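K.L.:
Here you go, this is protein_20.cif (mmCIF, C-alpha atoms).
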data_query
loop_
_atom_site.label_atom_id
_atom_site.label_comp_id
_atom_site.auth_asym_id
_atom_site.auth_seq_id
_atom_site.Cartn_x
_atom_site.Cartn_y
_atom_site.Cartn_z
CA MET B 79 58.67 67.99 46.10
CA LEU B 80 56.50 64.96 46.86
CA THR B 81 57.54 62.16 49.17
CA GLU B 82 58.95 59.02 47.56
CA PHE B 83 55.77 57.02 48.20
CA ASN B 84 53.48 59.76 46.86
CA SER B 85 55.76 60.14 43.84
CA TRP B 86 55.50 56.39 43.23
CA LEU B 87 51.70 56.58 43.45
CA LEU B 88 51.56 59.58 41.10
CA THR B 89 53.72 57.78 38.55
CA LEU B 90 51.54 54.65 38.78
CA PHE B 91 48.43 56.75 38.24
CA ILE B 92 49.89 58.41 35.12
CA PHE B 93 51.49 55.28 33.65
CA CYS B 94 48.30 53.27 34.13
CA GLY B 95 45.87 56.08 33.30
CA SER B 96 47.32 56.86 29.88
CA PRO B 97 46.99 53.27 28.54
CA TYR B 98 43.49 53.05 30.02
CA LEU B 99 42.48 56.15 28.06
CA LEU B 100 44.06 54.69 24.91
CA GLY B 101 41.98 51.53 25.34
CA PHE B 102 38.86 53.61 25.98
CA ALA B 103 39.56 55.69 22.86
CA LYS B 104 39.78 52.54 20.76
CA GLN B 105 36.41 51.35 22.07
CA THR B 106 34.73 54.66 21.14
CA GLN B 107 36.45 55.00 17.78
CA GLN B 108 33.63 53.42 15.81
CA ARG B 109 30.98 55.67 17.38
CA THR B 110 32.51 59.15 17.65
CA THR B 111 35.79 59.76 15.84
CA PHE B 112 36.30 63.25 17.24
CA PHE B 113 35.83 62.09 20.83
CA SER B 114 38.22 59.18 20.23
CA VAL B 115 40.89 61.52 18.85
CA ALA B 116 40.46 63.89 21.80
CA VAL B 117 40.83 61.05 24.32
CA THR B 118 43.90 59.70 22.48
CA PHE B 119 45.45 63.18 22.48
CA THR B 120 44.82 63.50 26.22
CA ALA B 121 46.21 60.02 26.88
CA LEU B 122 49.48 60.86 25.12
CA ALA B 123 49.73 64.42 26.46
CA ILE B 124 49.61 63.33 30.11
CA PRO B 125 52.93 61.39 30.16
CA ILE B 126 54.55 63.99 27.89
CA LEU B 127 53.71 66.79 30.34
CA TYR B 128 54.81 64.59 33.22
CA PHE B 129 58.16 64.21 31.44
CA GLY B 130 58.41 67.95 30.89
CA TYR B 131 57.72 68.74 34.54
CA HIS B 132 59.97 66.03 35.96
CA VAL B 133 63.46 67.37 36.63
CA ASN B 134 64.71 64.53 38.78
CA GLY B 135 66.84 61.73 37.37
CA VAL B 136 70.53 60.90 37.67
CA ASP B 137 71.49 62.75 34.47
CA THR B 138 68.52 65.08 34.00
CA VAL B 139 70.33 68.10 35.44
CA ARG B 140 73.23 67.43 33.06
CA TYR B 141 70.86 67.43 30.08
CA ILE B 142 69.29 70.66 31.31
CA TYR B 143 72.75 72.19 31.70
CA ASN B 144 73.61 71.18 28.12
CA TYR B 145 70.40 72.83 26.95
CA VAL B 146 71.14 76.06 28.78
CA SER B 147 74.83 76.23 27.88
CA ILE B 148 74.37 75.51 24.15
CA ARG B 149 72.49 78.81 23.77
CA THR B 150 75.79 80.66 23.52
CA ASP B 151 77.05 78.51 20.64
CA SER B 152 76.09 79.38 17.08
CA PHE B 153 74.86 76.76 14.62
CA ARG B 154 77.93 77.50 12.50
CA GLU B 155 80.26 76.69 15.39
CA ILE B 156 78.36 73.49 16.16
CA LEU B 157 78.29 72.29 12.55
CA SER B 158 81.98 73.05 12.02
CA ASN B 159 82.90 70.64 14.82
CA PHE B 160 80.69 67.75 13.70
CA SER B 161 82.21 64.34 13.01
CA LEU B 162 80.63 61.08 11.87
CA THR B 163 80.71 59.74 15.41
CA ASP B 164 78.94 62.72 16.97
CA GLU B 165 75.39 62.19 18.21
CA SER B 166 74.32 65.09 16.01
CA GLY B 167 70.56 64.57 16.25
CA TYR B 168 70.58 65.33 19.95
CA ILE B 169 72.90 68.31 19.47
CA VAL B 170 70.83 69.84 16.66
CA LEU B 171 67.56 69.26 18.55
CA THR B 172 68.97 70.85 21.69
CA LYS B 173 70.32 73.84 19.78
CA ALA B 174 67.07 74.38 17.86
CA LEU B 175 65.01 74.32 21.06
CA SER B 176 67.48 76.59 22.85
CA TYR B 177 66.13 79.56 20.85
CA PHE B 178 62.88 79.28 22.83
CA ARG B 179 64.78 79.57 26.13
CA ASN B 180 62.27 77.28 27.81
CA THR B 181 63.61 74.27 29.69
CA ARG B 182 60.12 72.82 30.14
CA LEU B 183 59.64 72.90 26.37
CA PHE B 184 62.95 71.12 25.84
CA LEU B 185 62.07 68.28 28.23
CA SER B 186 58.50 68.05 26.87
CA VAL B 187 59.69 67.79 23.26
CA CYS B 188 62.13 65.03 24.23
CA GLY B 189 59.31 63.22 26.05
CA ALA B 190 57.01 63.69 23.05
CA ILE B 191 59.58 62.16 20.69
CA ILE B 192 59.86 59.08 22.92
CA VAL B 193 56.12 58.67 23.45
CA LEU B 194 54.99 59.37 19.88
CA PHE B 195 57.58 57.20 18.15
CA PHE B 196 56.71 54.29 20.39
CA TYR B 197 52.95 54.86 20.18
CA TYR B 198 52.95 54.82 16.38
CA ALA B 199 55.22 51.78 16.42
CA ALA B 200 52.83 49.97 18.77
CA LYS B 201 49.82 51.02 16.71
CA ASP B 202 51.31 49.88 13.40
CA ILE B 203 52.85 46.60 14.57
CA ASN B 204 49.85 45.34 16.55
CA SER B 205 46.86 47.64 16.86
CA ASP B 206 44.96 45.09 19.00
CA SER B 207 47.34 45.42 21.95
CA VAL B 208 48.32 49.09 21.87
CA ALA B 209 47.11 49.94 25.38
CA MET B 210 48.92 47.02 27.03
CA VAL B 211 52.10 47.60 25.00
CA MET B 212 52.14 51.25 26.05
CA LEU B 213 51.60 50.34 29.71
CA ILE B 214 54.65 48.05 29.67
CA PHE B 215 56.59 50.70 27.75
CA TYR B 216 55.81 53.43 30.32
CA PHE B 217 56.96 51.30 33.24
CA SER B 218 60.11 50.19 31.41
CA ILE B 219 62.14 52.28 28.98
CA PHE B 220 60.07 55.45 29.43
CA ALA B 221 60.70 55.37 33.17
CA VAL B 222 64.47 55.03 32.81
CA SER B 223 64.51 57.72 30.12
CA PHE B 224 64.51 60.28 32.93
CA ASN B 225 68.12 59.19 33.34
CA ILE B 226 69.17 58.01 29.85
CA LEU B 227 67.38 60.66 27.80
CA ARG B 228 69.38 60.28 24.59
CA GLN B 229 69.20 56.50 24.61
CA GLY B 230 65.51 56.63 25.50
CA ILE B 231 64.91 58.56 22.28
CA ALA B 232 67.10 56.12 20.36
CA VAL B 233 65.21 53.08 21.68
CA ALA B 234 61.85 54.62 20.73
CA ILE B 235 63.09 55.32 17.19
CA VAL B 236 64.42 51.75 16.90
CA ALA B 237 60.99 50.48 17.98
CA TYR B 238 59.43 52.53 15.19
CA ALA B 239 62.00 51.18 12.72
CA CYS B 240 60.93 47.62 13.58
CA LYS B 241 57.67 48.01 11.69
CA TYR B 242 59.67 48.10 8.45
CA ILE B 243 61.10 44.68 9.22
CA PHE B 244 57.70 43.14 8.55
CA LYS B 245 57.18 45.29 5.46
CA ARG B 246 60.62 44.18 4.20
CA LYS B 247 61.71 47.77 3.56
CA PHE B 248 65.37 47.68 4.53
CA LEU B 249 66.25 51.21 3.40
CA LEU B 250 63.52 52.75 5.56
CA PHE B 251 64.52 50.49 8.45
CA LEU B 252 68.15 51.54 8.04
CA PHE B 253 67.18 55.22 7.80
CA PHE B 254 65.51 55.15 11.21
CA ILE B 255 68.37 53.14 12.73
CA LEU B 256 70.77 55.82 11.50
CA LEU B 257 68.45 58.48 12.90
CA ALA B 258 68.49 56.68 16.27
CA MET B 259 72.28 56.60 16.13
CA THR B 260 72.33 60.40 15.93
CA PHE B 261 70.93 60.35 19.46
CA HIS B 262 72.90 57.36 20.78
CA LEU B 263 75.53 55.47 18.81
CA SER B 264 74.71 52.19 20.53
CA ALA B 265 71.54 51.97 18.38
CA ALA B 266 73.78 50.50 15.65
CA VAL B 267 73.45 47.05 17.26
CA ALA B 268 69.75 46.97 16.33
CA VAL B 269 70.57 46.60 12.62
CA VAL B 270 70.93 42.83 13.06
CA VAL B 271 67.27 42.44 14.02
CA TYR B 272 66.21 42.95 10.40
CA PHE B 273 68.00 39.77 9.33
CA PHE B 274 66.33 37.56 11.94
CA TRP B 275 63.02 37.81 10.03
CA THR B 276 62.79 36.14 6.63
CA LYS B 277 60.76 36.84 3.51
CA LYS B 278 58.65 33.80 4.41
CA GLU B 279 57.41 35.83 7.41
CA LYS B 280 59.08 33.68 10.03
CA VAL B 281 62.26 33.79 12.08
CA LEU B 282 65.46 32.05 11.12
CA PRO B 283 65.67 28.31 11.98
CA TRP B 284 65.92 27.82 15.74
CA PRO B 285 69.26 25.92 15.65
CA MET B 286 70.77 29.05 14.10
CA LEU B 287 69.02 31.32 16.59
CA THR B 288 70.25 29.15 19.47
CA LEU B 289 73.83 29.58 18.27
CA ILE B 290 73.25 33.35 18.12
CA VAL B 291 72.01 33.37 21.73
CA LEU B 292 75.01 31.31 22.89
CA ALA B 293 77.37 33.65 21.03
CA THR B 294 75.60 36.61 22.66
CA ILE B 295 76.15 35.06 26.10
CA GLY B 296 79.85 34.73 25.31
CA ILE B 297 80.03 38.33 24.12
CA SER B 298 78.17 39.50 27.24
CA LEU B 299 80.65 37.84 29.57
CA GLY B 300 83.60 39.28 27.67
CA LEU B 301 82.14 42.65 26.70
CA ASP B 302 83.83 44.56 29.49
CA SER B 303 87.26 43.28 28.45
CA ILE B 304 86.56 44.07 24.79
CA LEU B 305 85.55 47.66 25.56
CA SER B 306 88.45 48.14 27.97
CA SER B 307 90.90 47.05 25.29
CA LEU B 308 89.38 49.48 22.76
CA GLY B 309 89.06 52.42 25.15
CA GLY B 310 91.87 54.92 24.90
CA GLN B 311 92.81 53.91 21.37
CA GLU B 312 91.62 55.30 18.04
CA LEU B 313 87.99 54.58 18.95
CA GLU B 314 88.08 56.73 22.04
CA ASN B 315 85.76 59.29 20.45
CA LEU B 316 83.03 56.63 20.36
CA SER B 317 82.70 57.04 24.14
CA LEU B 318 84.11 53.56 24.75
CA GLN B 319 86.11 54.98 27.62
CA ARG B 320 82.86 55.91 29.29
CA TYR B 321 81.50 52.37 28.86
CA ALA B 322 84.71 50.79 30.12
CA SER B 323 85.04 53.11 33.13
CA TYR B 324 82.26 51.40 35.06
CA ASN B 325 84.01 48.64 36.98
CA ALA B 326 82.96 45.64 39.02
CA GLN B 327 82.30 47.79 42.06
CA ASN B 328 79.50 49.57 40.17
CA SER B 329 77.90 46.26 39.34
CA LEU B 330 77.97 45.31 43.01
CA ASP B 331 75.99 48.47 43.73
CA ALA B 332 73.42 47.67 41.06
CA GLN B 333 73.49 43.89 41.75
CA ASN B 334 71.73 43.30 38.42
CA ARG B 335 68.62 42.04 40.19
CA ASP B 336 66.36 42.71 37.23
CA PHE B 337 68.26 39.99 35.32
CA TYR B 338 66.38 37.40 37.36
CA VAL B 339 63.10 39.08 36.44
CA ASP B 340 64.14 38.82 32.78
CA LEU B 341 64.84 35.12 33.23
CA LEU B 342 61.33 34.64 34.61
CA VAL B 343 59.80 36.60 31.72
CA SER B 344 61.85 34.54 29.23
CA PHE B 345 60.47 31.36 30.79
CA ILE B 346 56.89 32.67 30.57
CA LEU B 347 57.36 33.64 26.92
CA ALA B 348 58.93 30.25 26.17
CA ILE B 349 55.98 28.27 27.55
CA HIS B 350 53.55 30.52 25.66
CA TYR B 351 55.62 30.49 22.47
CA ASN B 352 53.34 28.34 20.27
CA ARG B 353 50.18 30.12 21.38
CA LEU B 354 51.74 33.56 20.97
CA VAL B 355 52.91 32.75 17.44
CA LYS B 356 49.44 31.42 16.64
CA VAL B 357 47.92 34.70 17.82
CA ASN B 358 50.48 36.77 15.89
CA LYS B 359 53.36 35.23 13.94
CA ARG B 360 55.44 38.37 14.56
CA ASN B 361 55.74 37.30 18.20
CA ALA B 362 58.35 34.74 17.14
CA LEU B 363 60.73 37.61 16.39
CA PHE B 364 59.76 39.56 19.50
CA ILE B 365 60.36 36.58 21.78
CA PHE B 366 63.77 35.91 20.23
CA MET B 367 64.67 39.58 20.65
CA PHE B 368 63.93 39.32 24.36
CA PHE B 369 65.98 36.13 24.62
CA LEU B 370 68.88 38.14 23.20
CA ALA B 371 68.22 40.94 25.70
CA THR B 372 68.30 38.43 28.55
CA ALA B 373 71.57 36.98 27.28
CA LEU B 374 73.05 40.48 27.07
CA GLY B 375 71.83 41.06 30.62
CA LEU B 376 74.58 38.76 31.86
CA CYS B 377 77.13 41.52 31.29
CA GLY B 378 75.32 43.49 34.00
CA PHE B 379 77.12 41.33 36.57
CA ILE B 380 80.41 42.68 35.24
CA ASN B 381 79.60 46.13 33.87
CA PRO B 382 76.13 47.65 34.43
CA TYR B 383 76.65 50.36 31.82
CA THR B 384 77.19 48.01 28.88
CA LYS B 385 73.99 46.17 29.82
CA ARG B 386 72.10 49.14 28.38
CA ILE B 387 72.75 47.71 24.91
CA ALA B 388 70.04 45.16 25.74
CA TYR B 389 67.33 47.86 25.72
CA TYR B 390 67.11 47.71 21.92
CA PHE B 391 66.19 44.03 22.08
CA SER B 392 64.09 44.02 25.25
CA ILE B 393 61.34 46.02 23.52
CA GLY B 394 60.32 42.76 21.84
CA ALA B 395 58.85 41.60 25.14
CA TYR B 396 56.44 44.54 25.15
CA TRP B 397 54.48 43.15 22.21
CA ALA B 398 54.85 39.50 23.18
CA LEU B 399 53.69 40.03 26.78
CA ALA B 400 50.82 42.25 25.66
CA ASP B 401 49.53 39.39 23.49
CA ILE B 402 49.45 36.78 26.26
CA PRO B 403 45.81 37.57 27.23
CA ARG B 404 44.86 36.83 23.62
CA CYS B 405 46.20 33.29 24.08
CA TYR B 406 43.22 32.54 26.31
CA HIS B 407 39.55 32.41 25.46
CA ASP B 408 37.57 32.38 28.69
CA HIS B 409 36.86 35.72 30.35
CA HIS B 410 38.41 34.75 33.69
CA SER B 411 41.75 33.63 32.23
CA ILE B 412 41.99 36.73 30.04
CA TRP B 413 41.61 39.05 33.01
CA VAL B 414 43.99 37.03 35.18
CA ALA B 415 46.60 37.29 32.40
CA ARG B 416 46.05 41.04 32.12
CA LEU B 417 46.39 41.57 35.85
CA LEU B 418 49.57 39.49 35.98
CA ILE B 419 51.13 41.53 33.17
CA ILE B 420 50.17 44.80 34.87
CA THR B 421 51.62 43.44 38.12
CA TYR B 422 54.84 42.55 36.30
CA ALA B 423 55.11 46.05 34.81
CA ILE B 424 54.56 47.74 38.17
CA THR B 425 56.97 45.35 39.87
CA ARG B 426 59.63 46.04 37.26
CA PHE B 427 59.18 49.77 37.80
CA THR B 428 59.32 49.34 41.58
CA ILE B 429 62.63 47.50 41.25
CA ILE B 430 63.96 50.45 39.25
CA VAL B 431 62.81 52.78 42.05
CA LEU B 432 64.23 50.65 44.87
CA LEU B 433 67.58 50.22 43.15
CA GLU B 434 67.62 53.98 42.42
CA GLN B 435 68.60 53.19 38.84
CA SER B 436 67.20 56.40 37.37
CA ALA B 437 66.03 58.49 40.34
CA VAL B 438 62.45 58.59 39.07
CA VAL B 439 61.30 59.34 42.60
CA PRO B 440 60.88 61.60 44.41
CA TYR B 441 58.99 63.70 41.90
CA ILE B 442 60.67 67.14 41.64
CA TRP B 443 59.15 69.79 39.37
CA LEU B 444 61.18 72.83 40.46
CA LEU B 445 63.93 73.76 38.00
CA PRO B 446 67.36 74.83 39.23
CA PRO B 447 67.50 78.66 39.44
CA TRP B 448 70.02 78.87 36.59
CA ALA B 449 67.70 76.92 34.27
CA ARG B 450 64.54 79.01 34.68
#
Please, can you express the file's structure as structure tokens?
P.N.:
Amino acid sequence: MLTEFNSWLLTLFIFCGSPYLLGFAKQTQQRTTFFSVAVTFTALAIPILYFGYHVNGVDTVRYIYNYVSIRTDSFREILSNFSLTDESGYIVLTKALSYFRNTRLFLSVCGAIIVLFFYYAAKDINSDSVAMVMLIFYFSIFAVSFNILRQGIAVAIVAYACKYIFKRKFLLFLFFILLAMTFHLSAAVAVVVYFFWTKKEKVLPWPMLTLIVLATIGISLGLDSILSSLGGQELENLSLQRYASYNAQNSLDAQNRDFYVDLLVSFILAIHYNRLVKVNKRNALFIFMFFLATALGLCGFINPYTKRIAYYFSIGAYWALADIPRCYHDHHSIWVARLLIITYAITRFTIIVLLEQSAVVPYIWLLPPWAR
């Protein structure tokens, strides 16, 4: 086991090195296709292997235990107990991989699903900013996926689904949202994003969007009460009890400090709004998505668990922030913007580490004896 500081440095090296290789691969693509593919493969394999050999995380041991224990259940037994509210994708994936009896393989496949879905989403939505988008992604949702594995997969699939918003293919968009829901039911909230983008390739009128943000703030402040009232009733099997069980004392422990970081990012995106939309009109949707995520972040002061719903909307900032350097034209300003974004990503990750939100550090690669 590495020390916490060395673990932090190792993670920084991997999370920065992979996007650097992706950028390098793009530069060499025109000259040597084979070399570019090899570098891209290496860039994606590094974080996937890191995920497979990282057994720390608040809930990682629980996921490993589920993987080991499901070996004794037959597919027939599992399928016979399925209901519409079961997160069946995760169960089927875990059972299928259990035949290999390799915990490292299980974790690596889960990491590969997260990385590959998001990489192809980043590549399709804005190929000019893939490296920067992936860097922000690694230091954000990928980092916390060591704790929220199922939701990490769901968020990555939702990100991939977003590309069909711009192609106006609702059925394909809905298919991937439903797929994400088989890993975490909370992905259902992402369906609304499709309707924020119109056939005229622009967001809904801002007066309407402002009302949506205000309504979201109201929902955020009352979300804990809503879930508490539903928990224990007929919707108990939707895990609402689990959401409602985190009380105000938990929020005091978390202190929701990253909400203030989100406010700062929202301000930065707001002052760059016109330039970002000029660079890429899709940024209008991404910025609004992050405004929604920030509004949902208010519920973190009441119930830190329900704040996780905001992850599906916060991914919008990955593309918008990655495009900020393209808003400038002189070499000096471009590099200053890049360095500031990298600093933000590292700072956000460091906050996660300091608040012990997902136990990313220290880096532990040894499996429990019962899982080997």
K.L.:
With 8 Å as the cut-off and all atoms listed in the file counted, what is the closest atom pair between each nearby residue of range 357-445 of chain B and range 333-345 of chain B? Distances in Å to one decimal, ordered by chain and number, as a tab-separated table.
P.N.:
residue	atom	partner	partner_atom	distance
B:Ile365	CA	B:Ser344	CA	7.9
B:Phe368	CA	B:Ser344	CA	7.1
B:Phe369	CA	B:Ser344	CA	6.4
B:Thr372	CA	B:Asp340	CA	5.9
B:Gly375	CA	B:Phe337	CA	6.0
B:Leu376	CA	B:Phe337	CA	7.3
B:Gly378	CA	B:Asn334	CA	5.7
B:Phe379	CA	B:Asn334	CA	6.0
B:Pro382	CA	B:Asn334	CA	7.4
B:Arg426	CA	B:Asp336	CA	7.5
B:Ile429	CA	B:Asp336	CA	7.3
K.L.:
Which residues, protein or nucleic acid, reach to within 12 Å of (52.7, 46.0, 26.3) in the file's coordinates when using all atoms listed in the file, and can you give that as a ChimeraX atom specification?
P.N.:
/B:93-94,97,196-197,199-201,203-219,364,392-403,416,419-420,422-423
K.L.:
So how many Å separate CA of Ala239 in chain B and CA of Asp202 in chain B, to one decimal?
P.N.:
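Going from CA of Ala239 in chain B over to CA of Asp202 in chain B covers 10.8 Å.
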K.L.:
Suppose a student applies the PyMOL selection byres ((chain B and resi 436-440) around 7) to this structure; what residues should they get, written as a PyMOL selection string?
P.N.:
chain B and resi 79-82+85-86+134-136+221-222+224-225+431+434-435+441-442
K.L.:
Excluding same-chain residues fewer than 4 positions from Gly296 in chain B, what lies within 10 Å of it counting all atoms listed in the file, as a PDB file with C-alpha atoms, in the coordinates of the input?
P.N.:
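Once everything was written out, this is around_12.pdb:
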ATOM      1  CA  ILE B 290      73.250  33.350  18.120  1.00  0.00           C
ATOM      2  CA  VAL B 291      72.010  33.370  21.730  1.00  0.00           C
ATOM      3  CA  LEU B 292      75.010  31.310  22.890  1.00  0.00           C
ATOM      4  CA  GLY B 300      83.600  39.280  27.670  1.00  0.00           C
ATOM      5  CA  LEU B 301      82.140  42.650  26.700  1.00  0.00           C
ATOM      6  CA  ALA B 373      71.570  36.980  27.280  1.00  0.00           C
ATOM      7  CA  LEU B 374      73.050  40.480  27.070  1.00  0.00           C
ATOM      8  CA  LEU B 376      74.580  38.760  31.860  1.00  0.00           C
ATOM      9  CA  CYS B 377      77.130  41.520  31.290  1.00  0.00           C
TER      10      CYS B 377
END
K.L.:
Rounded to one decimal, what separation in Å do you get between CA of Ala103 in chain B and CA of Phe220 in chain B?
P.N.:
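According to the coordinates, CA of Ala103 in chain B and CA of Phe220 in chain B are separated by 21.5 Å.
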K.L.:
Considering all atoms listed in the file, can you say which of B:Phe427, B:Phe248, B:Phe254, B:Tyr177 comes closest to Val233 in chain B?
P.N.:
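Nearest candidate to Val233 in chain B out of B:Phe427, B:Phe248, B:Phe254, B:Tyr177: B:Phe254.
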K.L.:
Looking at B:Val133, B:Ile235, B:Leu227, B:Leu347, which one is nearest to Met259 in chain B, with distances taken over all atoms listed in the file?
P.N.:
B:Ile235
K.L.:
Can you tell me how far CA of Val355 in chain B sits from CA of Pro283 in chain B, in Å to one decimal?
P.N.:
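Answer for the CA of Val355 in chain B to CA of Pro283 in chain B separation: 14.6 Å.
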K.L.:
Emit as lines of an AutoDock Vina configuration file the padded axis-aligned box for all listed atoms of range 98-115 of chain B, 6 Å per side, with centre and edge lengths in Å to one decimal.
P.N.:
center_x = 37.5
center_y = 57.3
center_z = 22.9
size_x = 25.1
size_y = 23.9
size_z = 26.2
K.L.:
Using only C-alpha atoms, which of B:Leu363, B:Ile231, B:Phe83, B:Leu354 sits nearest Leu287 in chain B?
P.N.:
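The answer is B:Leu363, which sits nearest to Leu287 in chain B.
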K.L.:
So which residues touch Phe153 in chain B within 10 Å, counting all atoms listed in the file, skipping near sequence neighbours fewer than 2 positions away, as a list in words?
P.N.:
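Using all atoms listed in the file, the neighbours found are Ile148, Arg149, Thr150, Asp151, Glu155, Ile156, Leu157, Ser158, Ile169, Val170, Lys173 and Ala174 of chain B.
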K.L.:
Would you output that residue set with C-alpha atoms, as a compact mmCIF listing (two decimals), in the frame of the given file?
P.N.:
# COMPACT_ATOMS: atom_id res chain seq x y z
CA ILE B 148 74.37 75.51 24.15
CA ARG B 149 72.49 78.81 23.77
CA THR B 150 75.79 80.66 23.52
CA ASP B 151 77.05 78.51 20.64
CA GLU B 155 80.26 76.69 15.39
CA ILE B 156 78.36 73.49 16.16
CA LEU B 157 78.29 72.29 12.55
CA SER B 158 81.98 73.05 12.02
CA ILE B 169 72.90 68.31 19.47
CA VAL B 170 70.83 69.84 16.66
CA LYS B 173 70.32 73.84 19.78
CA ALA B 174 67.07 74.38 17.86
K.L.:
From the list B:Val357, B:Val187, B:Ala362, B:Ile380, which residue is nearest Arg404 in chain B when using all atoms listed in the file?
P.N.:
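Closest to Arg404 in chain B of all the choices is B:Val357.
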K.L.:
Evaluate the PyMOL selection byres ((chain B and resi 180) around 12) on the structure here and hand back the selected residues as a list in words.
P.N.:
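Here the PyMOL selection byres ((chain B and resi 180) around 12) matches Gly130, Tyr131, Ile142, Tyr145, Val146, Arg149, Thr172, Lys173, Ala174, Leu175, Ser176, Tyr177, Phe178, Arg179, Thr181, Arg182, Leu183, Phe184, Leu185, Ser186, Val187, Leu445, Trp448, Ala449 and Arg450 of chain B.
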K.L.:
Suppose a student applies the PyMOL selection byres ((chain B and resi 118) around 9) to this structure; what residues should they get, written as a list in words?
P.N.:
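Selected by the PyMOL selection byres ((chain B and resi 118) around 9) here: Ser96, Leu99, Leu100, Gly101, Phe102, Ala103, Lys104, Phe113, Ser114, Val115, Ala116, Val117, Phe119, Thr120, Ala121, Leu122 and Ala123 of chain B.
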K.L.:
Select, from B:Arg140, B:His407, B:Lys385, B:His350, the residue with the minimum atom-to-atom distance to Ala371 in chain B, counting all atoms listed in the file.
P.N.:
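With all atoms listed in the file as the atom set, the closest residue is B:Lys385.
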